[in-house]
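Visitor: So here's work-v2.cif (mmCIF, C-alpha atoms).
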data_entry
#
loop_
_atom_site.label_atom_id
_atom_site.label_comp_id
_atom_site.auth_asym_id
_atom_site.auth_seq_id
_atom_site.Cartn_x
_atom_site.Cartn_y
_atom_site.Cartn_z
CA MET A 251 -6.06 -22.47 10.04
CA GLU A 252 -9.85 -22.67 9.96
CA ARG A 253 -10.04 -19.42 8.11
CA HIS A 254 -7.87 -20.77 5.32
CA PHE A 255 -10.09 -23.78 4.74
CA MET A 256 -13.09 -21.53 4.56
CA ASP A 257 -11.36 -19.39 2.00
CA SER A 258 -10.77 -22.16 -0.48
CA GLN A 259 -14.19 -23.67 -0.06
CA THR A 260 -16.17 -20.50 -0.33
CA LYS A 261 -14.07 -18.35 -2.61
CA GLY A 262 -12.79 -20.90 -5.08
CA VAL A 263 -10.15 -19.76 -7.51
CA SER A 264 -9.60 -16.04 -7.16
CA THR A 265 -7.30 -13.67 -8.92
CA GLY A 266 -5.71 -12.17 -5.83
CA THR A 267 -4.03 -9.80 -8.14
CA THR A 268 -2.59 -6.49 -9.19
CA ILE A 269 -4.17 -4.64 -12.09
CA LEU A 270 -3.76 -1.12 -13.32
CA ALA A 271 -4.57 1.18 -16.20
CA VAL A 272 -2.88 4.52 -16.94
CA THR A 273 -3.57 7.13 -19.60
CA PHE A 274 -0.71 8.86 -21.37
CA ASN A 275 -0.43 11.37 -24.15
CA GLY A 276 -2.12 9.59 -27.04
CA GLY A 277 -3.13 6.30 -25.49
CA VAL A 278 -3.59 4.11 -22.49
CA ILE A 279 -1.65 1.24 -20.95
CA ILE A 280 -3.45 -1.53 -19.14
CA GLY A 281 -1.45 -4.05 -17.14
CA SER A 282 -1.67 -6.96 -14.75
CA ASP A 283 0.26 -9.77 -13.10
CA SER A 284 -0.40 -13.39 -14.05
CA ARG A 285 -1.07 -15.35 -10.87
CA ALA A 286 -4.31 -17.12 -9.93
CA SER A 287 -4.54 -18.54 -6.42
CA ILE A 288 -6.84 -20.58 -4.22
CA GLY A 289 -7.25 -19.33 -0.68
CA GLY A 290 -4.05 -17.36 -0.76
CA TYR A 291 -1.62 -20.20 -0.45
CA TYR A 292 -1.83 -22.34 -3.58
CA VAL A 293 -1.00 -20.93 -6.97
CA SER A 294 -3.39 -22.53 -9.39
CA SER A 295 -1.97 -20.81 -12.45
CA LYS A 296 1.30 -18.97 -12.98
CA THR A 297 0.49 -17.62 -16.39
CA ILE A 298 -3.11 -16.60 -16.56
CA ASN A 299 -3.97 -13.69 -18.81
CA LYS A 300 -6.17 -11.21 -17.01
CA LEU A 301 -6.32 -8.71 -19.86
CA ILE A 302 -9.41 -9.51 -21.89
CA GLN A 303 -10.01 -7.84 -25.22
CA VAL A 304 -13.66 -6.88 -25.43
CA HIS A 305 -13.30 -4.96 -28.69
CA ASP A 306 -10.61 -3.77 -31.10
CA ARG A 307 -9.41 -0.89 -28.94
CA ILE A 308 -11.02 -1.76 -25.61
CA PHE A 309 -9.57 -4.07 -22.98
CA CYS A 310 -10.65 -4.90 -19.52
CA CYS A 311 -8.87 -6.54 -16.66
CA ILE A 312 -10.37 -8.57 -13.88
CA ALA A 313 -9.91 -8.83 -10.16
CA GLY A 314 -11.78 -11.00 -7.73
CA SER A 315 -13.34 -14.35 -8.35
CA LEU A 316 -12.01 -15.73 -11.62
CA ALA A 317 -15.17 -17.61 -12.49
CA ASP A 318 -17.37 -14.55 -11.98
CA ALA A 319 -15.01 -12.39 -13.98
CA GLN A 320 -14.85 -14.76 -16.94
CA ALA A 321 -18.62 -15.16 -17.04
CA VAL A 322 -19.20 -11.42 -16.91
CA THR A 323 -16.60 -10.56 -19.53
CA LYS A 324 -17.97 -13.19 -21.88
CA ALA A 325 -21.46 -11.71 -21.61
CA ALA A 326 -20.07 -8.18 -21.92
CA LYS A 327 -18.01 -9.05 -25.01
CA PHE A 328 -21.12 -10.33 -26.74
CA GLN A 329 -23.21 -7.30 -25.80
CA ILE A 330 -20.51 -4.86 -26.89
CA SER A 331 -19.97 -6.44 -30.31
CA PHE A 332 -23.72 -6.55 -30.86
CA HIS A 333 -23.97 -2.89 -29.87
CA SER A 334 -21.19 -1.92 -32.22
CA ILE A 335 -22.85 -3.72 -35.13
CA GLN A 336 -26.11 -1.91 -34.39
CA MET A 337 -24.36 1.45 -34.18
CA GLU A 338 -22.23 0.67 -37.23
CA SER A 339 -19.19 2.15 -35.54
CA PRO A 340 -16.64 1.09 -32.94
CA PRO A 341 -18.08 1.28 -29.42
CA LEU A 342 -17.16 4.03 -27.01
CA VAL A 343 -15.00 2.99 -24.07
CA LYS A 344 -17.69 4.40 -21.81
CA ALA A 345 -20.27 2.15 -23.45
CA ALA A 346 -18.13 -0.92 -22.79
CA ALA A 347 -17.62 0.14 -19.18
CA SER A 348 -21.35 0.74 -18.79
CA VAL A 349 -22.16 -2.75 -20.04
CA LEU A 350 -19.87 -4.20 -17.37
CA LYS A 351 -21.35 -1.89 -14.78
CA GLU A 352 -24.91 -2.99 -15.56
CA LEU A 353 -23.95 -6.64 -15.22
CA CYS A 354 -22.14 -6.00 -11.91
CA TYR A 355 -24.85 -3.82 -10.42
CA ASN A 356 -27.79 -6.00 -11.37
CA ASN A 357 -26.10 -9.12 -10.04
CA LYS A 358 -24.32 -7.54 -7.11
CA GLU A 359 -25.57 -10.15 -4.60
CA GLU A 360 -24.03 -13.10 -6.42
CA LEU A 361 -20.95 -11.62 -8.02
CA GLN A 362 -17.61 -10.88 -6.47
CA ALA A 363 -15.53 -9.25 -9.17
CA GLY A 364 -14.27 -5.78 -10.03
CA PHE A 365 -13.09 -4.49 -13.38
CA ILE A 366 -10.93 -1.89 -14.97
CA THR A 367 -11.85 -0.94 -18.52
CA ALA A 368 -9.41 0.99 -20.66
CA GLY A 369 -9.29 1.87 -24.30
CA TRP A 370 -9.25 4.41 -27.02
CA ASP A 371 -12.17 5.79 -29.00
CA ARG A 372 -12.53 8.60 -31.50
CA LYS A 373 -14.78 10.75 -29.34
CA LYS A 374 -12.73 11.13 -26.18
CA GLY A 375 -9.41 9.49 -26.93
CA PRO A 376 -7.73 7.40 -24.25
CA GLN A 377 -9.85 6.67 -21.17
CA VAL A 378 -9.82 4.54 -18.05
CA TYR A 379 -12.94 3.45 -16.15
CA THR A 380 -13.24 1.42 -13.01
CA VAL A 381 -16.24 -0.68 -12.05
CA ALA A 382 -16.08 -1.43 -8.35
CA LEU A 383 -17.50 -4.48 -6.56
CA GLY A 384 -21.03 -3.14 -6.07
CA GLY A 385 -21.34 -1.68 -9.54
CA MET A 386 -20.03 1.88 -9.19
CA LEU A 387 -18.63 3.33 -12.43
CA LEU A 388 -15.92 5.96 -12.23
CA SER A 389 -13.68 7.61 -14.82
CA GLN A 390 -10.13 8.43 -13.75
CA PRO A 391 -6.82 9.35 -15.40
CA PHE A 392 -5.31 6.21 -13.91
CA THR A 393 -6.43 3.51 -11.56
CA ILE A 394 -5.08 0.51 -9.70
CA GLY A 395 -6.95 -2.50 -8.40
CA GLY A 396 -6.73 -5.96 -6.92
CA SER A 397 -5.18 -7.08 -3.65
CA GLY A 398 -1.68 -6.01 -4.67
CA SER A 399 -2.79 -2.47 -5.38
CA THR A 400 -2.86 -1.62 -1.65
CA TYR A 401 0.93 -1.62 -1.60
CA ILE A 402 1.37 0.76 -4.50
CA TYR A 403 -1.12 3.53 -3.64
CA GLY A 404 1.71 5.61 -2.25
CA TYR A 405 3.95 4.93 -5.25
CA ALA A 406 1.21 5.68 -7.78
CA ASP A 407 0.15 8.89 -6.01
CA ALA A 408 3.74 10.09 -5.91
CA LYS A 409 4.84 9.13 -9.41
CA TYR A 410 1.87 9.65 -11.69
CA LYS A 411 2.00 12.74 -13.89
CA PRO A 412 -0.65 13.71 -16.41
CA ASP A 413 0.36 13.68 -20.12
CA MET A 414 3.29 11.32 -19.87
CA SER A 415 4.97 9.97 -22.98
CA LYS A 416 4.47 6.32 -23.91
CA GLU A 417 7.93 5.32 -22.59
CA GLU A 418 7.46 7.14 -19.27
CA CYS A 419 4.07 5.52 -18.88
CA LEU A 420 5.45 2.06 -19.64
CA GLN A 421 8.14 2.59 -17.03
CA PHE A 422 5.58 3.77 -14.47
CA ALA A 423 3.28 0.80 -15.10
CA THR A 424 6.11 -1.75 -15.07
CA ASN A 425 7.58 -0.36 -11.86
CA ALA A 426 4.19 -0.29 -10.16
CA LEU A 427 3.45 -3.91 -11.11
CA ALA A 428 6.92 -5.04 -10.04
CA LEU A 429 6.61 -3.32 -6.66
CA ALA A 430 3.18 -4.79 -6.01
CA MET A 431 4.23 -8.28 -7.07
CA GLY A 432 7.20 -7.94 -4.73
CA ARG A 433 5.02 -7.34 -1.69
CA ASP A 434 1.75 -9.16 -2.37
CA ASN A 435 2.01 -12.92 -2.08
CA VAL A 436 -1.04 -13.52 -4.27
CA SER A 437 0.32 -11.48 -7.17
CA GLY A 438 3.22 -12.68 -9.25
CA GLY A 439 4.39 -14.45 -12.36
CA VAL A 440 4.91 -12.30 -15.41
CA ALA A 441 3.75 -8.79 -16.12
CA HIS A 442 1.29 -8.37 -18.98
CA LEU A 443 1.02 -4.92 -20.50
CA VAL A 444 -1.16 -3.78 -23.40
CA VAL A 445 -0.59 -0.41 -25.04
CA ILE A 446 -3.70 0.91 -26.80
CA THR A 447 -3.49 3.86 -29.17
CA GLU A 448 -5.35 5.10 -32.20
CA GLU A 449 -2.92 3.13 -34.38
CA GLY A 450 -3.46 -0.19 -32.73
CA VAL A 451 -2.81 -2.52 -29.86
CA GLU A 452 0.60 -3.76 -28.66
CA HIS A 453 0.93 -6.61 -26.15
CA ILE A 454 4.10 -6.70 -24.06
CA VAL A 455 5.00 -9.54 -21.71
CA ILE A 456 7.78 -9.06 -19.18
CA PRO A 457 8.94 -12.29 -17.53
CA GLY A 458 9.64 -12.26 -13.79
CA ASP A 459 13.41 -12.08 -14.09
CA LYS A 460 13.31 -9.09 -16.44
CA LEU A 461 11.18 -6.96 -14.11
CA PRO A 462 12.86 -3.94 -12.55
CA LYS A 463 14.58 -4.71 -9.26
CA PHE A 464 14.61 -2.44 -6.26
CA HIS A 465 16.93 -1.84 -3.40
CA ASP A 466 16.55 -5.06 -1.48
CA GLU A 467 16.64 -7.52 -4.37
CA MET B 66 -26.70 -4.93 6.11
CA LEU B 67 -28.17 -1.70 7.52
CA GLU B 68 -27.55 -1.38 11.24
CA GLU B 69 -28.89 1.27 13.55
CA SER B 70 -26.29 2.26 16.11
CA SER B 71 -27.27 5.12 18.34
CA GLU B 72 -24.13 4.75 20.42
CA PRO B 73 -21.12 6.69 19.16
CA GLY B 74 -18.09 4.60 18.19
CA TRP B 75 -15.82 5.92 20.89
CA LEU B 76 -17.97 4.45 23.67
CA SER B 77 -17.68 0.89 22.47
CA GLU B 78 -14.74 0.60 20.12
CA GLU B 79 -11.19 -0.02 21.21
CA VAL B 80 -8.86 2.94 20.94
CA LYS B 81 -6.24 2.21 18.30
CA THR B 82 -3.42 4.21 16.93
CA GLY B 83 -4.32 2.94 13.44
CA THR B 84 -1.37 4.71 12.11
CA THR B 85 1.64 5.16 9.90
CA ILE B 86 5.08 4.94 11.45
CA ILE B 87 8.47 4.87 9.79
CA ALA B 88 12.10 4.80 10.87
CA ILE B 89 15.23 4.97 8.72
CA GLU B 90 18.97 4.80 9.36
CA PHE B 91 21.54 7.16 7.92
CA ASP B 92 25.25 7.32 8.48
CA GLY B 93 25.45 8.83 11.92
CA GLY B 94 21.88 8.49 13.15
CA VAL B 95 18.25 7.73 12.51
CA VAL B 96 15.06 9.58 11.57
CA LEU B 97 11.71 8.46 12.98
CA GLY B 98 8.34 9.70 11.76
CA SER B 99 4.68 9.21 12.58
CA ASP B 100 1.25 10.64 11.96
CA SER B 101 -0.92 11.89 14.85
CA ARG B 102 -4.35 10.30 14.56
CA VAL B 103 -5.86 8.09 17.27
CA SER B 104 -9.16 6.47 16.37
CA ALA B 105 -11.85 4.53 18.25
CA GLY B 106 -13.85 2.87 15.51
CA GLU B 107 -14.87 5.68 13.19
CA THR B 108 -14.24 8.52 15.63
CA VAL B 109 -10.94 10.34 15.86
CA VAL B 110 -10.39 10.69 19.59
CA ASN B 111 -7.06 12.50 19.38
CA ARG B 112 -5.81 14.29 16.28
CA VAL B 113 -2.49 15.52 17.65
CA MET B 114 -0.99 12.57 19.49
CA ASN B 115 2.78 12.21 19.29
CA LYS B 116 3.44 8.53 18.68
CA LEU B 117 7.19 8.87 18.93
CA SER B 118 7.92 7.92 22.49
CA LEU B 119 11.17 8.43 24.33
CA LEU B 120 12.82 5.30 25.70
CA HIS B 121 16.12 6.98 26.53
CA ASP B 122 18.05 10.13 25.56
CA LYS B 123 19.04 8.81 22.15
CA ILE B 124 16.56 5.97 21.74
CA TYR B 125 12.96 6.47 20.67
CA CYS B 126 10.20 4.11 19.69
CA ALA B 127 7.26 4.55 17.34
CA LEU B 128 3.90 3.23 18.53
CA SER B 129 1.22 1.48 16.49
CA GLY B 130 -1.72 -0.85 17.12
CA SER B 131 -3.69 -0.66 20.33
CA ALA B 132 -2.91 2.70 21.95
CA ALA B 133 -3.05 1.39 25.52
CA ASP B 134 -0.85 -1.63 24.81
CA ALA B 135 1.74 0.42 22.95
CA GLN B 136 1.97 3.14 25.58
CA THR B 137 2.27 0.60 28.36
CA ILE B 138 5.08 -1.26 26.63
CA ALA B 139 6.92 1.99 26.02
CA GLU B 140 6.59 3.08 29.65
CA MET B 141 7.74 -0.30 30.97
CA VAL B 142 10.76 -0.32 28.69
CA ASN B 143 11.58 3.29 29.61
CA TYR B 144 11.73 2.24 33.26
CA GLN B 145 13.73 -0.92 32.57
CA LEU B 146 16.21 1.01 30.42
CA ASP B 147 16.73 3.61 33.15
CA VAL B 148 17.59 0.88 35.62
CA HIS B 149 19.82 -0.88 33.08
CA SER B 150 21.75 2.24 32.16
CA ILE B 151 22.48 2.98 35.83
CA GLU B 152 23.66 -0.59 36.31
CA VAL B 153 26.08 -0.50 33.38
CA GLY B 154 27.07 3.10 34.04
CA GLU B 155 26.65 4.38 30.49
CA ASP B 156 24.05 5.03 27.80
CA PRO B 157 22.23 1.84 26.80
CA GLN B 158 22.60 0.31 23.36
CA VAL B 159 19.72 0.54 20.91
CA ARG B 160 19.80 -3.23 20.65
CA SER B 161 19.19 -3.50 24.40
CA ALA B 162 16.14 -1.29 24.17
CA ALA B 163 14.83 -3.28 21.22
CA THR B 164 15.42 -6.55 23.08
CA LEU B 165 13.44 -5.30 26.09
CA VAL B 166 10.54 -4.36 23.81
CA LYS B 167 10.79 -7.69 22.04
CA ASN B 168 10.74 -9.62 25.31
CA ILE B 169 7.47 -8.03 26.36
CA SER B 170 5.93 -8.35 22.88
CA TYR B 171 6.83 -12.02 22.64
CA LYS B 172 5.91 -13.05 26.17
CA TYR B 173 2.48 -11.45 25.98
CA LYS B 174 1.88 -11.86 22.28
CA GLU B 175 -1.58 -13.36 22.79
CA GLU B 176 -2.80 -10.49 24.96
CA LEU B 177 -1.12 -7.55 23.31
CA SER B 178 -1.70 -6.08 19.90
CA ALA B 179 0.87 -3.39 19.44
CA HIS B 180 3.87 -3.05 17.19
CA LEU B 181 6.75 -0.81 18.19
CA ILE B 182 9.61 0.19 15.95
CA VAL B 183 12.70 1.02 18.03
CA ALA B 184 15.36 3.34 16.65
CA GLY B 185 18.24 5.36 18.04
CA TRP B 186 21.94 6.04 18.14
CA ASP B 187 24.64 4.49 20.29
CA LYS B 188 28.41 4.71 20.11
CA ARG B 189 28.91 1.02 19.33
CA ALA B 190 26.97 0.77 16.10
CA GLY B 191 25.76 4.26 15.25
CA GLY B 192 22.21 4.69 13.96
CA GLN B 193 20.06 1.55 14.12
CA VAL B 194 16.43 0.62 13.41
CA TYR B 195 14.85 -2.51 14.89
CA VAL B 196 11.43 -4.03 14.22
CA THR B 197 9.71 -5.98 16.99
CA LEU B 198 6.53 -7.16 15.28
CA ASN B 199 4.87 -10.09 17.10
CA GLY B 200 7.96 -10.68 19.17
CA LEU B 201 10.65 -10.96 16.52
CA LEU B 202 13.76 -8.82 16.66
CA SER B 203 15.29 -7.75 13.39
CA ARG B 204 17.55 -4.90 12.39
CA GLN B 205 16.66 -3.24 9.08
CA PRO B 206 17.95 -0.21 7.18
CA PHE B 207 14.43 1.21 7.35
CA ALA B 208 11.03 0.03 8.59
CA VAL B 209 7.41 1.06 8.13
CA GLY B 210 4.50 -0.01 10.29
CA GLY B 211 0.89 0.58 11.17
CA SER B 212 -2.22 0.40 9.03
CA GLY B 213 -1.06 3.12 6.67
CA SER B 214 2.18 1.32 5.87
CA SER B 215 0.47 -1.08 3.43
CA TYR B 216 -0.18 1.78 1.03
CA VAL B 217 3.40 2.94 0.90
CA TYR B 218 5.33 -0.33 0.62
CA GLY B 219 5.66 0.23 -3.11
CA PHE B 220 6.81 3.81 -2.63
CA VAL B 221 9.46 3.02 -0.03
CA ASP B 222 10.71 0.01 -2.00
CA ALA B 223 11.15 2.20 -5.07
CA GLU B 224 12.56 5.30 -3.42
CA TYR B 225 14.90 3.94 -0.77
CA ARG B 226 18.57 4.15 -1.63
CA LYS B 227 21.51 3.15 0.53
CA ALA B 228 23.65 5.87 2.08
CA MET B 229 21.16 8.73 2.02
CA SER B 230 22.08 11.91 3.85
CA LYS B 231 20.24 13.13 6.95
CA GLU B 232 18.25 15.70 4.96
CA ASP B 233 17.34 13.12 2.28
CA CYS B 234 16.12 10.77 5.00
CA GLN B 235 13.98 13.48 6.57
CA GLN B 236 12.46 14.28 3.17
CA PHE B 237 11.88 10.56 2.50
CA VAL B 238 10.08 10.18 5.82
CA VAL B 239 7.89 13.25 5.27
CA ASN B 240 6.95 12.17 1.74
CA THR B 241 6.09 8.66 2.89
CA LEU B 242 3.96 9.90 5.78
CA SER B 243 2.15 12.33 3.52
CA LEU B 244 1.29 9.64 0.96
CA ALA B 245 0.12 7.19 3.62
CA MET B 246 -1.98 9.82 5.39
CA GLY B 247 -3.59 10.58 2.04
CA ARG B 248 -4.82 7.03 1.56
CA ASP B 249 -5.30 5.51 5.02
CA GLY B 250 -8.43 6.57 6.86
CA SER B 251 -6.82 5.76 10.18
CA SER B 252 -3.79 8.01 9.62
CA GLY B 253 -3.84 11.76 9.50
CA GLY B 254 -3.35 15.00 11.35
CA VAL B 255 0.18 16.32 11.59
CA ALA B 256 3.50 14.62 11.04
CA TYR B 257 5.97 14.25 13.88
CA LEU B 258 9.66 13.75 13.12
CA VAL B 259 12.52 12.89 15.46
CA THR B 260 16.13 12.98 14.24
CA ILE B 261 18.63 11.26 16.53
CA ASP B 262 22.39 11.46 16.19
CA GLU B 263 25.47 11.64 18.37
CA LYS B 264 24.54 15.07 19.64
CA GLY B 265 21.03 14.12 20.77
CA ALA B 266 17.45 13.99 19.63
CA GLU B 267 15.68 16.77 17.75
CA GLU B 268 11.88 16.75 17.59
CA LYS B 269 9.92 18.46 14.86
CA CYS B 270 6.24 18.82 14.02
CA ILE B 271 5.02 19.45 10.48
CA LEU B 272 1.48 20.77 10.22
CA GLY B 273 -1.04 19.30 7.79
CA ASN B 274 -0.91 22.18 5.33
CA GLU B 275 2.88 22.15 5.24
CA LEU B 276 3.09 18.51 4.14
CA PRO B 277 4.15 17.79 0.54
CA THR B 278 1.29 17.37 -1.93
CA PHE B 279 1.17 15.04 -4.90
CA TYR B 280 -0.65 14.78 -8.18
CA ASP B 281 -4.29 14.90 -7.16
CA GLN B 282 -4.09 17.39 -4.31
#
As structure tokens - that is how I would like this structure written.
Guide:
Amino acid sequence: MERHFMDSQTKGVSTGTTILAVTFNGGVIIGSDSRASIGGYYVSSKTINKLIQVHDRIFCCIAGSLADAQAVTKAAKFQISFHSIQMESPPLVKAAASVLKELCYNNKEELQAGFITAGWDRKKGPQVYTVALGGMLLSQPFTIGGSGSTYIYGYADAKYKPDMSKEECLQFATNALALAMGRDNVSGGVAHLVVITEEGVEHIVIPGDKLPKFHDE
Amino acid sequence: MLEESSEPGWLSEEVKTGTTIIAIEFDGGVVLGSDSRVSAGETVVNRVMNKLSLLHDKIYCALSGSAADAQTIAEMVNYQLDVHSIEVGEDPQVRSAATLVKNISYKYKEELSAHLIVAGWDKRAGGQVYVTLNGLLSRQPFAVGGSGSSYVYGFVDAEYRKAMSKEDCQQFVVNTLSLAMGRDGSSGGVAYLVTIDEKGAEEKCILGNELPTFYDQ
């Protein structure tokens, strides 16, 4: 019991969460659940949006302390739009991820948040970057994060294929989120998915009762 | 945060079978599977341990948690089952074996830290799988346990179907073990499988390089 009290006093509101980003043929899908909790046993918001748009074709999603994540993404959003005005062209996804990485690395003692950045740019097409807690930046074809991601490592490893179509990728991301939300008590609510392609950005929300069900439900 | 430790882990750390174990029922029997890694802190002290322990001819248990605790429970129950089966004059029921394990786990729950999954075949109820975590007794169509199980909850939730054949179950177990061993630092080595049906128990060992590989391997 003592441990729980310490959690809520020291950690504050945290997005115990499930986030993921997956590239497919022609774009990238970034997704998350919508629950924010305090200490792991009180849901402080059922419908929080963890997918933050930092530029026209670049989104990032947050895991960890909600306050830290919001502060960092606000600073990053400003820096990225300033950078894109200076460059007179849309920013590269890598540039956006680097901005987040710099903020995380330089403030690693105080911050407790990790990010996934995903988007599309003209140079390299669809990309996914993860910025881990200490400020490591890594590019991957797909990535999962947050407390709920532990439960879907096996599923993601087994089911991911490179060069999926948009529908296959949507199914993969929805299933992964549904499975994680089913096992992690600090992930839940609705599933938010954003599909980013050269043409534009499409936001899909899947309410809890429309999520895929598995054998024991 | 930097600590100098000149003493190797295995001198001071407790020996754990940080592990992945799984058991699944099919019509006519059960399949049990486990990895083979035993760790003491960061050191692997045994890379080929068989964690599927015999409790009776057609009843096995899968060990996880503290290696010493788990082995001791299995040996005690093996002895108690032998006595019991002589007293009743026939093969013991799987439920009896599971109850004996549960009794020890519950009575000594403060001192012990081991989780055994009990599975087998008897003529009353066919193939059965029981979980005995922390002293509860519950029959389930399939069960996963050990540190590696967290990573494959999503996979088993998605892939399990009712009424799988014996071969499907064996493939399911091998796939699950392979995925968990790929992500969990405390699971690895070879995969041990035991298939139990009316005719008896068949043990099998699958070497590391014969395990199924997935996308990034």
Visitor: Using only C-alpha atoms, which of A:Lys373, A:Lys411, A:Lys351, A:His305 sits nearest chain B?
Guide: A:Lys411
Visitor: Report, in Å with one decimal, the straight-line distance from atom CA of A:His442 to atom CA of A:Ala423.
Guide: 10.2 Å
Visitor: What are the residues of chain A lining chain B at 7 Å or less? Count all atoms listed in the file, and put the answer as a tab-separated table (two decimals) with C-alpha atoms, keeping the file's coordinate frame.
Guide:
chain	number	residue	atom	x	y	z
A	400	THR	CA	-2.86	-1.62	-1.65
A	401	TYR	CA	0.93	-1.62	-1.60
A	402	ILE	CA	1.37	0.76	-4.50
A	403	TYR	CA	-1.12	3.53	-3.64
A	404	GLY	CA	1.71	5.61	-2.25
A	405	TYR	CA	3.95	4.93	-5.25
A	407	ASP	CA	0.15	8.89	-6.01
A	408	ALA	CA	3.74	10.09	-5.91
A	410	TYR	CA	1.87	9.65	-11.69
A	411	LYS	CA	2.00	12.74	-13.89
A	429	LEU	CA	6.61	-3.32	-6.66
A	430	ALA	CA	3.18	-4.79	-6.01
A	464	PHE	CA	14.61	-2.44	-6.26
A	465	HIS	CA	16.93	-1.84	-3.40
Visitor: Would you kindly translate the PyMOL selection byres ((chain B and resi 99) around 7) into the concrete residues it picks from this file, as a compact mmCIF listing (two decimals) with C-alpha atoms, in the frame of the given file?
Guide:
# COMPACT_ATOMS: atom_id res chain seq x y z
CA THR B 85 1.64 5.16 9.90
CA ILE B 86 5.08 4.94 11.45
CA ILE B 87 8.47 4.87 9.79
CA GLY B 98 8.34 9.70 11.76
CA ASP B 100 1.25 10.64 11.96
CA SER B 101 -0.92 11.89 14.85
CA LYS B 116 3.44 8.53 18.68
CA LEU B 117 7.19 8.87 18.93
CA LEU B 242 3.96 9.90 5.78
CA ALA B 256 3.50 14.62 11.04
CA TYR B 257 5.97 14.25 13.88
CA LEU B 258 9.66 13.75 13.12
Visitor: Would you mind listing what lies within 9 Å of stretch 143-146 of chain B as JSON, numbers by chain, with only C-alpha atoms counted and same-chain residues fewer than 4 positions away left out?
Guide: {"B": [119, 120, 121, 138, 139, 150, 151, 157, 161, 162, 165]}
Visitor: Using the chain letters and residue numbers of this document, give as number ranges by chain the residues selected by the PyMOL selection byres ((chain B and resi 268) around 6).
Guide: B: 258-259, 267, 269
Visitor: Using the selection just defined, write its residues with C-alpha atoms as a PDB file, in the frame of the given file.
Guide:
ATOM      1  CA  LEU B 258       9.660  13.750  13.120  1.00  0.00           C
ATOM      2  CA  VAL B 259      12.520  12.890  15.460  1.00  0.00           C
ATOM      3  CA  GLU B 267      15.680  16.770  17.750  1.00  0.00           C
ATOM      4  CA  LYS B 269       9.920  18.460  14.860  1.00  0.00           C
TER       5      LYS B 269
END
Visitor: Please determine, counting all atoms listed in the file, which residue among A:Leu342, A:Ile312, A:Val436, A:Ile280 has the shortest atom-to-atom distance to A:Gln362.
Guide: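 The shortest atom-to-atom distance to A:Gln362 comes from A:Ile312.
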Visitor: Which residues are close to A:Val381, i.e. within 6 Å by all atoms listed in the file, leaving aside same-chain residues fewer than 4 positions away? Reply as an MDAnalysis selection string.
Guide: chainID A and resid 351 364:365 385:387
Visitor: Extract, using all atoms listed in the file, all DNA, RNA and protein residues at most 10 Å from B:Thr260, discarding same-chain residues fewer than 5 positions from it, and format them as a CSV table (one decimal) with C-alpha atoms, in the frame of the given file.
Guide:
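Heads up, here's the output in around_5.csv:
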chain,number,residue,atom,x,y,z
B,88,ALA,CA,12.1,4.8,10.9
B,89,ILE,CA,15.2,5.0,8.7
B,90,GLU,CA,19.0,4.8,9.4
B,94,GLY,CA,21.9,8.5,13.2
B,95,VAL,CA,18.2,7.7,12.5
B,96,VAL,CA,15.1,9.6,11.6
B,97,LEU,CA,11.7,8.5,13.0
B,98,GLY,CA,8.3,9.7,11.8
B,123,LYS,CA,19.0,8.8,22.2
B,125,TYR,CA,13.0,6.5,20.7
B,184,ALA,CA,15.4,3.3,16.6
B,185,GLY,CA,18.2,5.4,18.0
B,186,TRP,CA,21.9,6.0,18.1
B,231,LYS,CA,20.2,13.1,7.0
B,232,GLU,CA,18.2,15.7,5.0
B,234,CYS,CA,16.1,10.8,5.0
B,235,GLN,CA,14.0,13.5,6.6
B,265,GLY,CA,21.0,14.1,20.8
B,266,ALA,CA,17.4,14.0,19.6
B,267,GLU,CA,15.7,16.8,17.8
B,268,GLU,CA,11.9,16.8,17.6
B,269,LYS,CA,9.9,18.5,14.9
